[in-house]
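Asker: Structure file entry_30.txt (compact mmCIF, C-alpha atoms) right here:
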# COMPACT_ATOMS: atom_id res chain seq x y z
CA MET G 113 25.77 -14.82 2.90
CA PRO G 114 22.99 -14.90 5.52
CA ILE G 115 20.03 -12.59 5.05
CA PRO G 116 17.72 -11.02 7.65
CA THR G 117 14.87 -13.43 8.43
CA THR G 118 11.20 -12.98 9.20
CA GLU G 119 11.57 -15.81 11.70
CA PHE G 120 13.70 -13.54 13.84
CA TRP G 121 12.23 -10.10 13.14
CA SER G 122 8.51 -10.86 13.11
CA ASP G 123 6.81 -8.93 15.94
CA LYS G 124 10.09 -7.65 17.39
CA ARG G 125 9.66 -4.15 18.80
CA VAL G 126 12.30 -2.04 17.06
CA LEU G 127 13.21 1.62 17.51
CA VAL G 128 14.91 3.35 14.58
CA THR G 129 16.19 6.84 15.30
CA GLY G 130 16.72 8.94 12.19
CA HIS G 131 13.97 7.06 10.32
CA THR G 132 13.14 10.11 8.17
CA GLY G 133 16.62 10.16 6.64
CA PHE G 134 17.94 8.27 3.62
CA LYS G 135 19.38 5.18 5.34
CA GLY G 136 16.78 5.28 8.11
CA SER G 137 13.91 5.18 5.61
CA TRP G 138 15.36 2.17 3.80
CA LEU G 139 15.98 0.42 7.13
CA ALA G 140 12.47 1.08 8.45
CA LEU G 141 10.95 -0.20 5.22
CA TRP G 142 13.03 -3.38 5.33
CA LEU G 143 12.13 -4.00 8.98
CA ARG G 144 8.43 -3.67 8.21
CA ARG G 145 8.86 -6.09 5.31
CA LEU G 146 10.36 -8.53 7.84
CA GLY G 147 7.35 -8.15 10.15
CA ALA G 148 8.89 -6.00 12.88
CA ALA G 149 6.83 -3.50 14.87
CA VAL G 150 8.76 -0.31 14.15
CA THR G 151 8.81 2.98 16.00
CA GLY G 152 10.72 5.78 14.32
CA MET G 153 12.06 8.81 16.18
CA ALA G 154 13.56 11.70 14.23
CA LEU G 155 13.28 15.28 13.09
CA PRO G 156 11.12 15.95 10.01
CA PRO G 157 12.80 15.02 6.71
CA ALA G 158 15.74 17.31 6.01
CA THR G 159 15.20 17.41 2.24
CA GLN G 160 12.41 18.03 -0.21
CA PRO G 161 11.70 15.61 -1.75
CA SER G 162 12.48 12.85 0.75
CA LEU G 163 12.26 9.08 0.58
CA PHE G 164 10.27 9.09 3.83
CA ALA G 165 7.52 11.19 2.26
CA LEU G 166 7.57 9.66 -1.23
CA ALA G 167 7.33 6.11 0.16
CA HIS G 168 4.57 7.12 2.62
CA LEU G 169 6.48 5.48 5.46
CA SER G 170 4.33 7.18 8.10
CA ASP G 171 1.60 4.72 7.04
CA LEU G 172 3.79 1.73 7.93
CA LEU G 173 5.17 2.57 11.35
CA ASP G 174 4.73 4.64 14.49
CA SER G 175 6.51 7.81 13.40
CA VAL G 176 7.50 10.15 16.23
CA ILE G 177 8.88 13.60 15.43
CA CYS G 178 11.38 14.27 18.19
CA ASP G 179 14.84 15.82 18.53
CA VAL G 180 17.38 13.55 20.26
CA ARG G 181 18.97 16.70 21.67
CA ASP G 182 15.81 17.15 23.79
CA ARG G 183 16.72 14.78 26.60
CA GLU G 184 13.41 14.72 28.44
CA GLU G 185 11.21 14.36 25.36
CA ALA G 186 13.46 11.74 23.79
CA SER G 187 13.51 9.73 27.03
CA ARG G 188 9.71 9.88 27.29
CA ARG G 189 9.25 8.70 23.72
CA ILE G 190 11.72 5.85 24.17
CA GLN G 191 9.90 4.75 27.31
CA GLN G 192 6.63 4.72 25.39
CA ALA G 193 8.10 2.60 22.58
CA GLN G 194 9.52 -0.08 24.91
CA PRO G 195 11.89 -1.35 22.18
CA GLU G 196 13.66 -4.68 22.27
CA ILE G 197 16.15 -3.68 19.56
CA VAL G 198 17.42 -0.17 18.78
CA PHE G 199 19.14 1.16 15.67
CA HIS G 200 20.53 4.65 16.25
CA LEU G 201 20.94 6.54 12.98
CA ALA G 202 19.81 10.04 14.02
CA ALA G 203 22.68 12.39 13.20
CA GLN G 204 23.97 15.44 11.42
CA PRO G 205 25.52 13.29 8.67
CA LEU G 206 27.40 15.68 6.36
CA VAL G 207 31.08 16.68 6.52
CA ARG G 208 30.76 20.04 4.78
CA ALA G 209 27.67 20.98 6.80
CA SER G 210 29.64 20.25 9.98
CA TYR G 211 32.06 23.04 9.08
CA ARG G 212 29.13 25.46 8.86
CA THR G 213 27.41 24.27 12.08
CA PRO G 214 30.01 22.56 14.27
CA VAL G 215 28.21 23.07 17.59
CA GLU G 216 24.95 21.69 16.21
CA THR G 217 26.89 18.74 14.80
CA PHE G 218 28.50 17.93 18.15
CA SER G 219 25.23 18.46 19.99
CA THR G 220 23.33 16.06 17.74
CA ASN G 221 25.97 13.41 17.21
CA VAL G 222 27.49 13.29 20.69
CA MET G 223 24.85 14.45 23.16
CA GLY G 224 22.05 12.93 21.08
CA THR G 225 23.79 9.54 21.42
CA ALA G 226 24.31 10.10 25.13
CA HIS G 227 20.63 11.00 25.63
CA LEU G 228 19.55 7.84 23.84
CA LEU G 229 21.88 5.56 25.78
CA ASP G 230 20.99 7.15 29.10
CA ALA G 231 17.30 6.49 28.43
CA LEU G 232 18.04 2.90 27.37
CA ARG G 233 19.97 2.08 30.53
CA GLN G 234 16.76 2.65 32.47
CA LEU G 235 14.65 0.46 30.20
CA ASP G 236 13.93 -3.19 30.98
CA SER G 237 12.69 -4.12 27.50
CA VAL G 238 15.83 -3.45 25.47
CA ARG G 239 18.26 -6.27 24.62
CA VAL G 240 20.27 -5.13 21.58
CA VAL G 241 21.54 -1.70 20.52
CA VAL G 242 23.33 -0.90 17.24
CA ILE G 243 24.85 2.58 17.10
CA VAL G 244 25.54 3.56 13.49
CA THR G 245 28.60 5.80 13.12
CA THR G 246 30.81 6.10 10.02
CA ASP G 247 34.01 5.01 8.30
CA LYS G 248 35.33 8.48 9.10
CA VAL G 249 35.87 7.73 12.81
CA TYR G 250 39.41 6.52 12.11
CA ALA G 251 42.43 8.78 12.55
CA ASN G 252 43.08 8.97 8.84
CA GLN G 253 46.76 8.77 7.94
CA GLU G 254 46.07 8.58 4.18
CA TRP G 255 47.48 5.05 4.24
CA ALA G 256 46.89 2.67 1.35
CA TYR G 257 45.66 -0.17 3.55
CA PRO G 258 42.10 -0.37 4.87
CA TYR G 259 41.31 0.58 8.46
CA ARG G 260 40.47 -2.18 10.94
CA GLU G 261 38.22 -2.02 13.99
CA GLY G 262 41.19 -1.85 16.37
CA ASP G 263 42.90 1.07 14.63
CA ARG G 264 43.18 4.43 16.35
CA LEU G 265 40.14 6.70 16.21
CA GLY G 266 40.26 10.41 15.48
CA GLY G 267 38.75 13.19 13.40
CA GLN G 268 40.04 16.39 11.80
CA ASP G 269 36.66 17.83 10.82
CA PRO G 270 33.66 18.42 13.12
CA TYR G 271 31.62 15.57 11.63
CA SER G 272 34.38 12.96 11.97
CA ALA G 273 35.32 14.19 15.44
CA SER G 274 31.70 14.12 16.61
CA LYS G 275 31.21 10.57 15.36
CA THR G 276 34.45 9.50 17.03
CA ALA G 277 33.19 11.01 20.25
CA SER G 278 29.90 9.11 19.86
CA GLU G 279 31.94 5.89 19.59
CA ILE G 280 33.64 6.72 22.90
CA VAL G 281 30.32 7.58 24.54
CA SER G 282 28.86 4.29 23.29
CA GLU G 283 31.74 2.22 24.62
CA CYS G 284 31.51 4.01 27.96
CA TYR G 285 27.80 3.27 28.33
CA ARG G 286 28.33 -0.32 27.18
CA ARG G 287 30.95 -1.06 29.82
CA ALA G 288 29.67 1.15 32.64
CA PHE G 289 25.93 0.48 32.43
CA LEU G 290 24.43 -1.64 29.68
CA GLN G 291 26.33 -4.91 29.82
CA LYS G 292 25.51 -5.18 33.54
CA ARG G 293 21.84 -5.10 32.57
CA GLY G 294 22.23 -7.72 29.86
CA VAL G 295 22.01 -5.19 27.02
CA VAL G 296 24.36 -5.91 24.10
CA LEU G 297 25.70 -2.87 22.24
CA ALA G 298 27.69 -2.67 19.02
CA THR G 299 28.80 0.20 16.84
CA ALA G 300 28.62 -0.08 13.04
CA ARG G 301 31.03 1.79 10.78
CA ALA G 302 30.13 1.88 7.10
CA GLY G 303 31.38 3.64 4.02
CA ASN G 304 29.75 5.81 1.38
CA ALA G 305 26.26 4.44 0.71
CA VAL G 306 24.51 5.06 -2.60
CA GLY G 307 20.95 4.23 -3.54
CA GLY G 308 17.66 5.73 -4.59
CA GLY G 309 16.00 8.27 -2.34
CA ASP G 310 18.96 10.35 -1.19
CA TRP G 311 18.55 14.07 -1.91
CA SER G 312 21.14 15.39 0.55
CA GLU G 313 23.37 18.26 -0.45
CA ASP G 314 27.09 17.71 -1.00
CA ARG G 315 26.70 14.01 -1.76
CA LEU G 316 28.00 12.78 -5.07
CA ILE G 317 25.08 10.84 -6.56
CA PRO G 318 22.30 13.21 -5.38
CA ASP G 319 24.32 16.15 -6.71
CA ALA G 320 24.73 14.32 -10.03
CA VAL G 321 21.03 13.51 -10.32
CA ARG G 322 20.02 17.10 -9.56
CA ALA G 323 22.49 18.52 -12.05
CA TRP G 324 21.67 16.15 -14.89
CA GLU G 325 17.91 16.40 -14.42
CA GLU G 326 18.31 20.17 -14.71
CA LYS G 327 20.61 19.79 -17.75
CA THR G 328 23.49 21.49 -15.92
CA PRO G 329 27.05 20.21 -15.34
CA LEU G 330 27.99 18.30 -12.21
CA HIS G 331 30.87 19.99 -10.36
CA VAL G 332 33.19 17.37 -8.85
CA ARG G 333 35.53 18.80 -6.24
CA ASN G 334 37.97 15.93 -5.78
CA PRO G 335 37.78 13.32 -8.55
CA ASP G 336 40.76 11.32 -7.27
CA ALA G 337 39.47 10.73 -3.72
CA VAL G 338 39.06 7.01 -2.89
CA ARG G 339 36.09 5.77 -0.84
CA PRO G 340 34.46 2.43 0.09
CA TRP G 341 31.33 2.87 -2.06
CA GLN G 342 28.44 0.42 -1.64
CA HIS G 343 24.69 0.22 -2.20
CA VAL G 344 22.71 1.27 0.88
CA LEU G 345 21.27 -2.24 1.25
CA GLU G 346 24.75 -3.65 1.91
CA PRO G 347 25.41 -1.91 5.27
CA LEU G 348 21.73 -2.23 6.24
CA ALA G 349 21.93 -5.99 5.73
CA GLY G 350 25.03 -5.94 7.90
CA TYR G 351 23.25 -4.01 10.67
CA LEU G 352 20.27 -6.39 10.61
CA ILE G 353 22.39 -9.53 10.64
CA LEU G 354 24.57 -8.08 13.40
CA ALA G 355 21.50 -7.39 15.55
CA GLN G 356 20.22 -10.93 14.96
CA ARG G 357 23.53 -12.39 16.12
CA LEU G 358 23.87 -10.04 19.10
CA TRP G 359 20.52 -11.28 20.43
CA ASP G 360 22.05 -14.62 21.42
CA HIS G 361 25.76 -13.82 21.31
CA PRO G 362 26.72 -10.96 23.65
CA GLU G 363 30.39 -11.70 23.07
CA LEU G 364 30.01 -10.03 19.65
CA ALA G 365 29.52 -6.60 21.25
CA GLY G 366 31.89 -3.89 20.07
CA PRO G 367 32.80 -2.16 16.79
CA TRP G 368 32.15 -3.54 13.30
CA ASN G 369 33.13 -2.38 9.81
CA PHE G 370 30.79 -2.88 6.84
CA GLY G 371 31.97 -2.11 3.34
CA PRO G 372 32.68 -3.45 -0.13
CA GLU G 373 34.87 -6.42 -0.93
CA PRO G 374 38.61 -5.78 -1.19
CA GLY G 375 39.31 -4.43 -4.64
CA GLN G 376 35.90 -2.73 -4.93
CA PHE G 377 37.11 0.59 -3.54
CA ALA G 378 36.89 3.29 -6.20
CA ARG G 379 37.84 6.85 -7.01
CA VAL G 380 35.16 9.50 -7.26
CA ARG G 381 35.93 9.82 -10.97
CA GLU G 382 35.09 6.13 -11.57
CA VAL G 383 31.79 6.43 -9.72
CA VAL G 384 30.81 9.54 -11.69
CA GLU G 385 31.66 7.90 -15.01
CA LEU G 386 29.57 4.84 -14.10
CA ALA G 387 26.66 7.02 -12.99
CA ARG G 388 26.83 9.08 -16.18
CA ALA G 389 26.95 5.97 -18.37
CA PHE G 390 23.91 4.44 -16.66
CA TYR G 391 22.03 7.74 -16.64
CA GLY G 392 22.73 8.09 -20.35
CA GLU G 393 23.90 11.69 -20.41
CA GLY G 394 25.33 14.46 -18.26
CA ASP G 395 28.16 16.98 -18.31
CA VAL G 396 30.88 17.08 -15.64
CA ILE G 397 33.31 19.77 -14.56
CA TRP G 398 36.28 18.17 -12.84
CA GLY G 399 37.94 19.99 -9.95
CA ASP G 400 41.51 19.61 -8.73
CA GLY G 401 40.81 18.67 -5.11
CA GLY G 402 41.55 22.15 -3.80
CA GLU G 403 37.98 23.40 -3.37
CA GLY G 404 36.25 23.73 -0.02
CA PRO G 405 37.32 22.51 3.44
CA ARG G 406 39.69 19.58 3.84
CA GLU G 407 38.39 16.03 3.39
CA ALA G 408 40.31 12.76 3.44
CA GLU G 409 41.92 11.76 0.13
CA HIS G 410 42.05 7.99 0.71
CA LEU G 411 39.70 6.07 3.01
CA THR G 412 38.92 2.35 2.87
CA LEU G 413 37.68 -0.22 5.37
CA GLU G 414 38.83 -3.73 6.24
CA THR G 415 35.74 -5.94 6.65
CA ALA G 416 37.39 -9.29 7.42
CA LYS G 417 35.79 -9.36 10.88
CA ALA G 418 32.25 -9.10 9.48
CA ARG G 419 33.02 -11.68 6.80
CA ARG G 420 34.49 -14.13 9.31
CA GLU G 421 32.24 -13.69 12.33
CA LEU G 422 28.91 -12.78 10.71
CA GLY G 423 29.24 -14.30 7.25
CA VAL G 424 28.48 -10.89 5.74
CA HIS G 425 29.65 -10.54 2.14
CA PRO G 426 28.48 -7.79 -0.23
CA ARG G 427 26.05 -9.06 -2.87
CA TRP G 428 26.19 -6.17 -5.33
CA PRO G 429 29.51 -5.00 -6.81
CA LEU G 430 29.99 -1.32 -7.56
CA ASN G 431 28.73 -1.61 -11.12
CA THR G 432 25.44 -3.12 -9.93
CA ALA G 433 25.12 -0.65 -7.06
CA ILE G 434 25.43 2.35 -9.36
CA ARG G 435 23.14 0.84 -12.01
CA ASN G 436 20.42 0.16 -9.43
CA THR G 437 20.79 3.64 -7.99
CA MET G 438 20.51 5.46 -11.29
CA GLU G 439 17.58 3.36 -12.50
CA TRP G 440 15.76 4.15 -9.21
CA TYR G 441 16.08 7.90 -9.83
CA ARG G 442 15.17 7.54 -13.50
CA ALA G 443 12.05 5.53 -12.58
CA VAL G 444 10.92 8.05 -9.93
CA HIS G 445 11.50 10.87 -12.40
CA ARG G 446 9.12 9.06 -14.78
CA GLY G 447 6.49 8.81 -12.03
CA ALA G 448 7.06 5.33 -10.55
CA ASP G 449 6.07 4.66 -6.94
CA ALA G 450 9.05 5.07 -4.60
CA ARG G 451 7.97 2.45 -2.07
CA THR G 452 7.43 -0.15 -4.79
CA LEU G 453 10.86 0.60 -6.21
CA CYS G 454 12.49 0.15 -2.81
CA GLU G 455 10.61 -3.07 -2.07
CA THR G 456 11.62 -4.43 -5.48
CA HIS G 457 15.27 -3.71 -4.79
CA ILE G 458 15.05 -5.30 -1.36
CA ALA G 459 13.48 -8.40 -2.89
CA GLU G 460 16.22 -8.49 -5.54
CA TYR G 461 18.87 -8.18 -2.87
CA GLU G 462 17.35 -10.97 -0.80
CA ASP G 463 16.89 -13.29 -3.80
CA GLY G 464 20.10 -12.56 -5.64
CA TYR G 465 20.38 -10.03 -8.43
CA GLU G 466 20.70 -12.34 -11.42
CA GLN G 467 17.53 -14.22 -10.53
CA ALA G 468 15.73 -10.91 -10.07
CA LEU G 469 16.71 -9.75 -13.56
CA HIS G 470 14.38 -12.41 -14.92
CA ARG G 471 11.52 -11.67 -12.53
CA ASN G 472 8.28 -11.05 -14.43
CA GLY G 473 6.47 -7.76 -13.94
CA THR G 474 9.54 -5.79 -12.82
CA VAL G 475 8.87 -2.08 -12.32
CA PHE G 476 12.27 -1.11 -13.77
CA GLY G 477 13.43 -0.70 -17.32
CA ARG G 478 16.93 -2.13 -16.88
CA LEU G 479 19.82 0.07 -17.88
CA GLU G 480 22.53 -1.45 -19.99
CA SER G 481 26.00 -1.81 -18.50
CA PRO G 482 28.68 0.45 -19.94
CA SER G 483 30.72 -1.56 -22.42
CA THR G 484 33.90 -1.10 -20.41
CA GLN G 485 32.37 -2.38 -17.17
CA THR G 486 31.27 -5.80 -15.98
CA ASP G 487 29.51 -7.09 -12.91
If you took the structure in this file and wrote it as C-alpha cells, what would it be?

Answerer:
Amino acid sequence: MPIPTTEFWSDKRVLVTGHTGFKGSWLALWLRRLGAAVTGMALPPATQPSLFALAHLSDLLDSVICDVRDREEASRRIQQAQPEIVFHLAAQPLVRASYRTPVETFSTNVMGTAHLLDALRQLDSVRVVVIVTTDKVYANQEWAYPYREGDRLGGQDPYSASKTASEIVSECYRRAFLQKRGVVLATARAGNAVGGGDWSEDRLIPDAVRAWEEKTPLHVRNPDAVRPWQHVLEPLAGYLILAQRLWDHPELAGPWNFGPEPGQFARVREVVELARAFYGEGDVIWGDGGEGPREAEHLTLETAKARRELGVHPRWPLNTAIRNTMEWYRAVHRGADARTLCETHIAEYEDGYEQALHRNGTVFGRLESPSTQTD
C-alpha cells in the first residue's frame, strides 16, 4: 500500500476544517509530520479533555477559531489561508446529538459545506478539495452486502440526511463551478473510526474508557449492530493518498469509500469484548437494541474502488486497531504525552506494525492479545 510522502506534502499549504476534533487533530498532526504548512479552522474543542489540547496542536499550526456557519468570517479566513489543498471535516458528527439539535446539524453540515465551497470557487490558489462525509450517506436497506459508491444515497436521521445533503451540495459545486476552474473535488465516506484521543459522547470506545476508568459498567444499546470499524489512521491515510493522486489526476474526482478489508466488519459486541480484554477489566450491561432513537442495524462499505484505483489497503486489522486504541488511553491515563503517543502510532503505521513492535524506546507497554484473537 502507498503511504503519504514528504516529497509531495512538504511546504504544501493545507486547510483542515474541524482540526480541533478527533479525526481533524490526528490529520493535522500527520500533515505537520509530512512537512505541510497547515491552517486549521474550527470551533473550540467540543470535549474536555480533547486531543487538540492534550497534544498542544496550536503550537504546530495556524489555528483559527471560526464557525463555518458564519459565511463572511469563514470566507475571510479561507482567503487569508490561500490553501492549495483543503480537507473539510468540520461537522456536527453524532447521530444521537442530531436528534436533539436537528436544525443545528443541518446548518453545520449542509450550509457549512456550502459556505466553504462558495469561498473556494473564488480562490485561485486551491487545486484539490476532499470533503469528508460518512458511511451513513447511503439509503440503508439493511442489506448484507456492502454499499458501493454508486448506490443510492439517503438518510433517515438528521445526521445521515445532513451528510447526504452535503454530498449533493459538493457534487453541485464540483460540476457547476470548481471543475471549470481546474479544482478537483472528491468526497470521502468512511466507517466507524477508533483511536486514542476521542472523548465524544455516544461513541462506543470513548464511552467504554470513561465507564471503566470510573469503575462503572458500560451500557451497550445495540450489541448486535454491525459496522465497518477501523483505526482512525486508516481513513486518514486514504484521504491523504487520495489528495496526492487528485493533484495530477482530475479524472479521479467523485465519491470514495474507505473502510476495513472484507471480512473485518464486526458486531458491537465483538468490539466491546476486544476492548475489555485489552483494557484488562470492565463490566458491561448489554441492551437489546430497543433503546434510544433508531440507528441502522447493519452497515458495511465496499472499498474495491480505493483498493483498485488508489492502492489503498488497510494495514491494521480490527484486533490491532482496538489494541492500539486501548493502549493509547491506558498510557495517557498513566501520564504519557499525547502528541508523542500519536506520533509513535503514525510512525508504526507508516513503517508496518510488526517492525514497530521491535522498535527500541517505545513509549507503550504493549498489551497482550486476547487468547481467542489473532492479528

Asker: Counting all atoms listed in the file, figure out which residue out of G:Gly294, G:Pro367, G:Pro205, G:Pro116 gets nearest to Ala158 (chain G).

Answerer: G:Pro205

Asker: Give me the residues near region 411-420 of chain G as a PyMOL selection string, where near means some atom within 10 Å (using only C-alpha atoms) and where sequence neighbours in that chain fewer than 4 positions away do not count.

Answerer: chain G and resi 113+247-248+250+252-261+301-304+337-341+350+353-354+367-374+376-378+424-426

Asker: Quick one: write out the picked residues with C-alpha atoms as a compact mmCIF listing (two decimals), keeping the file's coordinate frame?

Answerer:
# COMPACT_ATOMS: atom_id res chain seq x y z
CA MET G 113 25.77 -14.82 2.90
CA ASP G 247 34.01 5.01 8.30
CA LYS G 248 35.33 8.48 9.10
CA TYR G 250 39.41 6.52 12.11
CA ASN G 252 43.08 8.97 8.84
CA GLN G 253 46.76 8.77 7.94
CA GLU G 254 46.07 8.58 4.18
CA TRP G 255 47.48 5.05 4.24
CA ALA G 256 46.89 2.67 1.35
CA TYR G 257 45.66 -0.17 3.55
CA PRO G 258 42.10 -0.37 4.87
CA TYR G 259 41.31 0.58 8.46
CA ARG G 260 40.47 -2.18 10.94
CA GLU G 261 38.22 -2.02 13.99
CA ARG G 301 31.03 1.79 10.78
CA ALA G 302 30.13 1.88 7.10
CA GLY G 303 31.38 3.64 4.02
CA ASN G 304 29.75 5.81 1.38
CA ALA G 337 39.47 10.73 -3.72
CA VAL G 338 39.06 7.01 -2.89
CA ARG G 339 36.09 5.77 -0.84
CA PRO G 340 34.46 2.43 0.09
CA TRP G 341 31.33 2.87 -2.06
CA GLY G 350 25.03 -5.94 7.90
CA ILE G 353 22.39 -9.53 10.64
CA LEU G 354 24.57 -8.08 13.40
CA PRO G 367 32.80 -2.16 16.79
CA TRP G 368 32.15 -3.54 13.30
CA ASN G 369 33.13 -2.38 9.81
CA PHE G 370 30.79 -2.88 6.84
CA GLY G 371 31.97 -2.11 3.34
CA PRO G 372 32.68 -3.45 -0.13
CA GLU G 373 34.87 -6.42 -0.93
CA PRO G 374 38.61 -5.78 -1.19
CA GLN G 376 35.90 -2.73 -4.93
CA PHE G 377 37.11 0.59 -3.54
CA ALA G 378 36.89 3.29 -6.20
CA VAL G 424 28.48 -10.89 5.74
CA HIS G 425 29.65 -10.54 2.14
CA PRO G 426 28.48 -7.79 -0.23

Asker: What separation in Å, quoted to one decimal, exists between CA of Glu462 (chain G) and CA of Ala450 (chain G)?

Answerer: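 So the answer is 18.5 Å.
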
Asker: So that I can check the surroundings of Glu403 (chain G), please list as a PDB file with C-alpha atoms, in the coordinates of the input every protein, DNA and RNA residue that reaches within 12 Å of it, counting only C-alpha atoms and ignoring chain neighbours fewer than 4 positions away.

Answerer:
ATOM      1  CA  ARG G 208      30.760  20.040   4.780  1.00  0.00           C
ATOM      2  CA  HIS G 331      30.870  19.990 -10.360  1.00  0.00           C
ATOM      3  CA  VAL G 332      33.190  17.370  -8.850  1.00  0.00           C
ATOM      4  CA  ARG G 333      35.530  18.800  -6.240  1.00  0.00           C
ATOM      5  CA  ASN G 334      37.970  15.930  -5.780  1.00  0.00           C
ATOM      6  CA  PRO G 335      37.780  13.320  -8.550  1.00  0.00           C
ATOM      7  CA  TRP G 398      36.280  18.170 -12.840  1.00  0.00           C
ATOM      8  CA  GLY G 399      37.940  19.990  -9.950  1.00  0.00           C
ATOM      9  CA  GLU G 407      38.390  16.030   3.390  1.00  0.00           C
TER      10      GLU G 407
END

Asker: Smallest atom-to-atom distance to Leu352 (chain G): which of G:Gly266, G:Gly152, G:Gly133, G:Pro114, using all atoms listed in the file?

Answerer: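 Looking only at the distances to Leu352 (chain G), the closest residue turns out to be G:Pro114.
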
Asker: Using only C-alpha atoms, find the one residue out of G:Cys178, G:Ser274, G:Glu346, G:Ala231 that sits nearest to Val249 (chain G).

Answerer: G:Ser274

Asker: So the first atom is CA of Leu166 (chain G) and the second is CA of Glu326 (chain G); what is the distance between them in Å, to one decimal place?

Answerer: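 A separation of 20.2 Å between them.
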
Asker: Go through G:Gln291, G:Asn436, G:Gln234, G:Ser219 and flag the residue nearest Ala273 (chain G), using only C-alpha atoms for the distances.

Answerer: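 Closest to Ala273 (chain G), using only C-alpha atoms: G:Ser219.
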
Asker: Of the candidates G:Ala320, G:Val198, G:Ala433, G:Leu163, which one gets nearest to Val241 (chain G) if we count all atoms listed in the file?

Answerer: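 Distance minimum relative to Val241 (chain G) lands on G:Val198.
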
Asker: Quote the spacing between CA of Ala167 (chain G) and CA of Met438 (chain G) in Å to one decimal place.

Answerer: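 A separation of 17.5 Å between them.
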
Asker: For Arg239 (chain G), which residue among G:Arg183, G:Arg442, G:Lys327, G:Arg286 is the nearest when counting all atoms listed in the file?

Answerer: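 Looking at the shortest contact to Arg239 (chain G), the residue is G:Arg286.
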
Asker: N, CA, C and O atoms are needed for region 412-426 of chain G; please write them out as a PDB file, keeping the file's coordinate frame.

Answerer:
ATOM      1  N   THR G 412      39.510   3.662   3.141  1.00  0.00           N
ATOM      2  CA  THR G 412      38.920   2.350   2.870  1.00  0.00           C
ATOM      3  C   THR G 412      38.814   1.569   4.168  1.00  0.00           C
ATOM      4  O   THR G 412      39.493   1.869   5.150  1.00  0.00           O
ATOM      5  N   LEU G 413      37.950   0.563   4.170  1.00  0.00           N
ATOM      6  CA  LEU G 413      37.680  -0.220   5.370  1.00  0.00           C
ATOM      7  C   LEU G 413      38.063  -1.682   5.164  1.00  0.00           C
ATOM      8  O   LEU G 413      37.817  -2.253   4.096  1.00  0.00           O
ATOM      9  N   GLU G 414      38.608  -2.293   6.208  1.00  0.00           N
ATOM     10  CA  GLU G 414      38.830  -3.730   6.240  1.00  0.00           C
ATOM     11  C   GLU G 414      37.606  -4.393   6.876  1.00  0.00           C
ATOM     12  O   GLU G 414      37.216  -4.039   7.986  1.00  0.00           O
ATOM     13  N   THR G 415      36.985  -5.318   6.174  1.00  0.00           N
ATOM     14  CA  THR G 415      35.740  -5.940   6.650  1.00  0.00           C
ATOM     15  C   THR G 415      35.912  -7.424   6.930  1.00  0.00           C
ATOM     16  O   THR G 415      34.936  -8.176   6.967  1.00  0.00           O
ATOM     17  N   ALA G 416      37.144  -7.863   7.170  1.00  0.00           N
ATOM     18  CA  ALA G 416      37.390  -9.290   7.420  1.00  0.00           C
ATOM     19  C   ALA G 416      36.626  -9.785   8.649  1.00  0.00           C
ATOM     20  O   ALA G 416      36.149 -10.925   8.669  1.00  0.00           O
ATOM     21  N   LYS G 417      36.500  -8.948   9.661  1.00  0.00           N
ATOM     22  CA  LYS G 417      35.790  -9.360  10.880  1.00  0.00           C
ATOM     23  C   LYS G 417      34.330  -9.691  10.575  1.00  0.00           C
ATOM     24  O   LYS G 417      33.818 -10.738  11.017  1.00  0.00           O
ATOM     25  N   ALA G 418      33.646  -8.837   9.825  1.00  0.00           N
ATOM     26  CA  ALA G 418      32.250  -9.100   9.480  1.00  0.00           C
ATOM     27  C   ALA G 418      32.120 -10.322   8.589  1.00  0.00           C
ATOM     28  O   ALA G 418      31.167 -11.108   8.718  1.00  0.00           O
ATOM     29  N   ARG G 419      33.067 -10.499   7.673  1.00  0.00           N
ATOM     30  CA  ARG G 419      33.020 -11.680   6.800  1.00  0.00           C
ATOM     31  C   ARG G 419      33.211 -12.956   7.609  1.00  0.00           C
ATOM     32  O   ARG G 419      32.508 -13.955   7.410  1.00  0.00           O
ATOM     33  N   ARG G 420      34.154 -12.928   8.542  1.00  0.00           N
ATOM     34  CA  ARG G 420      34.490 -14.130   9.310  1.00  0.00           C
ATOM     35  C   ARG G 420      33.458 -14.437  10.379  1.00  0.00           C
ATOM     36  O   ARG G 420      33.002 -15.585  10.517  1.00  0.00           O
ATOM     37  N   GLU G 421      33.077 -13.449  11.158  1.00  0.00           N
ATOM     38  CA  GLU G 421      32.240 -13.690  12.330  1.00  0.00           C
ATOM     39  C   GLU G 421      30.744 -13.688  12.023  1.00  0.00           C
ATOM     40  O   GLU G 421      29.967 -14.375  12.687  1.00  0.00           O
ATOM     41  N   LEU G 422      30.336 -12.907  11.028  1.00  0.00           N
ATOM     42  CA  LEU G 422      28.910 -12.780  10.710  1.00  0.00           C
ATOM     43  C   LEU G 422      28.534 -13.437   9.389  1.00  0.00           C
ATOM     44  O   LEU G 422      27.342 -13.613   9.106  1.00  0.00           O
ATOM     45  N   GLY G 423      29.531 -13.769   8.587  1.00  0.00           N
ATOM     46  CA  GLY G 423      29.240 -14.300   7.250  1.00  0.00           C
ATOM     47  C   GLY G 423      28.730 -13.259   6.286  1.00  0.00           C
ATOM     48  O   GLY G 423      28.108 -13.593   5.279  1.00  0.00           O
ATOM     49  N   VAL G 424      28.985 -11.982   6.565  1.00  0.00           N
ATOM     50  CA  VAL G 424      28.480 -10.890   5.740  1.00  0.00           C
ATOM     51  C   VAL G 424      29.432 -10.645   4.573  1.00  0.00           C
ATOM     52  O   VAL G 424      30.601 -10.310   4.760  1.00  0.00           O
ATOM     53  N   HIS G 425      28.920 -10.831   3.369  1.00  0.00           N
ATOM     54  CA  HIS G 425      29.650 -10.540   2.140  1.00  0.00           C
ATOM     55  C   HIS G 425      28.752  -9.675   1.255  1.00  0.00           C
ATOM     56  O   HIS G 425      27.580  -9.980   1.080  1.00  0.00           O
ATOM     57  N   PRO G 426      29.295  -8.601   0.680  1.00  0.00           N
ATOM     58  CA  PRO G 426      28.480  -7.790  -0.230  1.00  0.00           C
ATOM     59  C   PRO G 426      27.931  -8.624  -1.384  1.00  0.00           C
ATOM     60  O   PRO G 426      28.626  -9.497  -1.920  1.00  0.00           O
TER      61      PRO G 426
END
